[in-house]
Amino acid sequence: MSKQEFLFFLKDNIDEITLITTLNDTLGFKIASDLYRAPNSAGFAQITTFDVGFKCGCFVTYIGKDKINEHIIARDLAKKFQCELIFEMKASDKWLHVQPSGEQREVTVIDIDVGVDIAPD
């Protein structure tokens with residue numbers, strides 16, 4: 001069983017319970033966090049909020065499950081949250097920028113003072 005991980009940022013702040021519940025539903029297995037302890041969870045989410053840019057960061061680690069399809073999970077999360085997001089792509093140095101409509105494009109992400117945002121084209 002190998003350890004898997006993924007990272008994404010939402011444009012809006014989402015409360016932790018809603019975020020964890022939506023992750024569990026989308027992934028099909030239980031994820032826990034500091035505030036939301038789940039018995040028999042397969043993974044853990046570290047959630048950070050920022051004041052500017054993409055305001056809600058989520059780093060998820062999990063063990064014993066298949067590798068996720070980044071495009072499908074990112075699209076499903078954006079639709080469920082009705083919020084744009086950026087999702088780190090493991091196969092490249094780009095990130096996947098997804099709109100709630102499901103529209104996707106690859107972007108470069110930059111660090112700003114207290115968060116991350118999309119680099120200008």
# chains A, B, ... in the order shown; residues from 1 in each chain; ligands from 1

$ select_by_dssp --residues "chain A" --states "alpha helix (DSSP H)" --output "ChimeraX atom specification"
/A:16-27,70-81

$ write_last_selection --atoms "N, CA and C atoms" --output "compact mmCIF listing (two decimals), in the first residue's frame"
# COMPACT_ATOMS: atom_id res chain seq x y z
N GLU A 16 -14.58 23.76 7.25
CA GLU A 16 -13.88 22.47 7.27
C GLU A 16 -14.81 21.27 7.20
N ILE A 17 -15.92 21.31 7.90
CA ILE A 17 -16.86 20.18 7.87
C ILE A 17 -17.41 19.98 6.46
N THR A 18 -17.80 21.06 5.80
CA THR A 18 -18.31 20.97 4.44
C THR A 18 -17.22 20.44 3.50
N LEU A 19 -16.01 20.93 3.68
CA LEU A 19 -14.90 20.49 2.84
C LEU A 19 -14.63 19.00 3.00
N ILE A 20 -14.56 18.52 4.23
CA ILE A 20 -14.29 17.11 4.48
C ILE A 20 -15.44 16.23 4.00
N THR A 21 -16.67 16.64 4.26
CA THR A 21 -17.83 15.87 3.82
C THR A 21 -17.85 15.74 2.30
N THR A 22 -17.56 16.83 1.61
CA THR A 22 -17.55 16.82 0.15
C THR A 22 -16.40 15.97 -0.38
N LEU A 23 -15.24 16.05 0.25
CA LEU A 23 -14.12 15.19 -0.14
C LEU A 23 -14.48 13.71 0.01
N ASN A 24 -15.08 13.36 1.15
CA ASN A 24 -15.48 11.96 1.38
C ASN A 24 -16.43 11.48 0.30
N ASP A 25 -17.40 12.30 -0.04
CA ASP A 25 -18.39 11.96 -1.05
C ASP A 25 -17.74 11.83 -2.44
N THR A 26 -16.85 12.75 -2.76
CA THR A 26 -16.22 12.77 -4.08
C THR A 26 -15.22 11.63 -4.25
N LEU A 27 -14.43 11.38 -3.22
CA LEU A 27 -13.39 10.35 -3.31
C LEU A 27 -13.92 8.94 -3.12
N GLU A 70 -6.83 13.25 -11.53
CA GLU A 70 -6.82 14.66 -11.15
C GLU A 70 -7.90 15.47 -11.85
N HIS A 71 -8.07 15.23 -13.15
CA HIS A 71 -9.05 16.00 -13.92
C HIS A 71 -10.47 15.75 -13.43
N ILE A 72 -10.80 14.51 -13.15
CA ILE A 72 -12.16 14.17 -12.70
C ILE A 72 -12.42 14.70 -11.29
N ILE A 73 -11.50 14.48 -10.37
CA ILE A 73 -11.69 14.94 -8.99
C ILE A 73 -11.77 16.46 -8.95
N ALA A 74 -10.89 17.16 -9.66
CA ALA A 74 -10.90 18.62 -9.69
C ALA A 74 -12.23 19.15 -10.24
N ARG A 75 -12.70 18.56 -11.33
CA ARG A 75 -13.97 18.98 -11.94
C ARG A 75 -15.13 18.75 -10.97
N ASP A 76 -15.16 17.57 -10.34
CA ASP A 76 -16.25 17.25 -9.42
C ASP A 76 -16.25 18.17 -8.20
N LEU A 77 -15.07 18.47 -7.66
CA LEU A 77 -15.00 19.38 -6.50
C LEU A 77 -15.46 20.79 -6.87
N ALA A 78 -15.02 21.30 -8.03
CA ALA A 78 -15.43 22.64 -8.45
C ALA A 78 -16.94 22.72 -8.63
N LYS A 79 -17.53 21.68 -9.20
CA LYS A 79 -18.99 21.67 -9.39
C LYS A 79 -19.72 21.59 -8.04
N LYS A 80 -19.25 20.73 -7.15
CA LYS A 80 -19.93 20.56 -5.86
C LYS A 80 -19.81 21.80 -4.99
N PHE A 81 -18.66 22.47 -5.02
CA PHE A 81 -18.48 23.68 -4.22
C PHE A 81 -19.01 24.92 -4.92

$ residues_around --residues "Val52 of chain A" --least-positions-apart "5" --cutoff "8 Å" --atoms "only C-alpha atoms" --output "JSON, numbers by chain"
{"A": [114, 115, 116]}

$ select_by_dssp --residues "chain A" --states "strand (DSSP E or B)" --output "MDAnalysis selection string"
chainID A and resid 3:10 31:32 43:49 54 56:63 85:88 95:98 104:107 109:112 115:118

$ residues_around --residues "Gly53 of chain A" --least-positions-apart "4" --cutoff "10 Å" --atoms "only C-alpha atoms" --output "ChimeraX atom specification"
/A:9-12,110-118

$ decode --residues "segment 108-119 of chain A" --atoms "N, CA, C and O atoms" --output "mmCIF file, in the first residue's frame"
data_model
loop_
_atom_site.group_PDB
_atom_site.id
_atom_site.type_symbol
_atom_site.label_atom_id
_atom_site.label_comp_id
_atom_site.auth_asym_id
_atom_site.auth_seq_id
_atom_site.Cartn_x
_atom_site.Cartn_y
_atom_site.Cartn_z
ATOM 1 N N THR A 108 0.032 28.322 -14.603
ATOM 2 C CA THR A 108 1.162 28.409 -13.689
ATOM 3 C C THR A 108 0.682 29.143 -12.446
ATOM 4 O O THR A 108 -0.072 30.113 -12.543
ATOM 5 N N VAL A 109 1.100 28.669 -11.290
ATOM 6 C CA VAL A 109 0.684 29.267 -10.018
ATOM 7 C C VAL A 109 1.869 29.998 -9.415
ATOM 8 O O VAL A 109 3.007 29.541 -9.500
ATOM 9 N N ILE A 110 1.594 31.157 -8.805
ATOM 10 C CA ILE A 110 2.640 31.926 -8.141
ATOM 11 C C ILE A 110 2.285 32.105 -6.671
ATOM 12 O O ILE A 110 1.117 32.121 -6.297
ATOM 13 N N ASP A 111 3.316 32.202 -5.851
ATOM 14 C CA ASP A 111 3.116 32.545 -4.442
ATOM 15 C C ASP A 111 2.956 34.049 -4.356
ATOM 16 O O ASP A 111 3.709 34.807 -4.965
ATOM 17 N N ILE A 112 1.957 34.476 -3.594
ATOM 18 C CA ILE A 112 1.808 35.894 -3.293
ATOM 19 C C ILE A 112 1.997 36.036 -1.794
ATOM 20 O O ILE A 112 2.220 35.055 -1.098
ATOM 21 N N ASP A 113 1.919 37.239 -1.285
ATOM 22 C CA ASP A 113 2.266 37.484 0.123
ATOM 23 C C ASP A 113 1.714 36.462 1.092
ATOM 24 O O ASP A 113 2.432 35.925 1.915
ATOM 25 N N VAL A 114 0.449 36.204 1.019
ATOM 26 C CA VAL A 114 -0.175 35.276 1.989
ATOM 27 C C VAL A 114 -1.080 34.287 1.281
ATOM 28 O O VAL A 114 -2.219 34.095 1.649
ATOM 29 N N GLY A 115 -0.572 33.618 0.254
ATOM 30 C CA GLY A 115 -1.375 32.639 -0.447
ATOM 31 C C GLY A 115 -0.813 32.332 -1.820
ATOM 32 O O GLY A 115 0.372 32.525 -2.068
ATOM 33 N N VAL A 116 -1.675 31.860 -2.699
ATOM 34 C CA VAL A 116 -1.284 31.559 -4.083
ATOM 35 C C VAL A 116 -2.318 32.132 -5.034
ATOM 36 O O VAL A 116 -3.462 32.368 -4.655
ATOM 37 N N ASP A 117 -1.883 32.377 -6.265
ATOM 38 C CA ASP A 117 -2.795 32.862 -7.296
ATOM 39 C C ASP A 117 -2.264 32.396 -8.649
ATOM 40 O O ASP A 117 -1.168 31.852 -8.741
ATOM 41 N N ILE A 118 -3.032 32.623 -9.684
ATOM 42 C CA ILE A 118 -2.655 32.236 -11.035
ATOM 43 C C ILE A 118 -1.734 33.306 -11.605
ATOM 44 O O ILE A 118 -2.018 34.503 -11.503
ATOM 45 N N ALA A 119 -0.625 32.869 -12.207
ATOM 46 C CA ALA A 119 0.309 33.798 -12.836
ATOM 47 C C ALA A 119 -0.343 34.397 -14.086
ATOM 48 O O ALA A 119 -1.086 33.710 -14.780
#
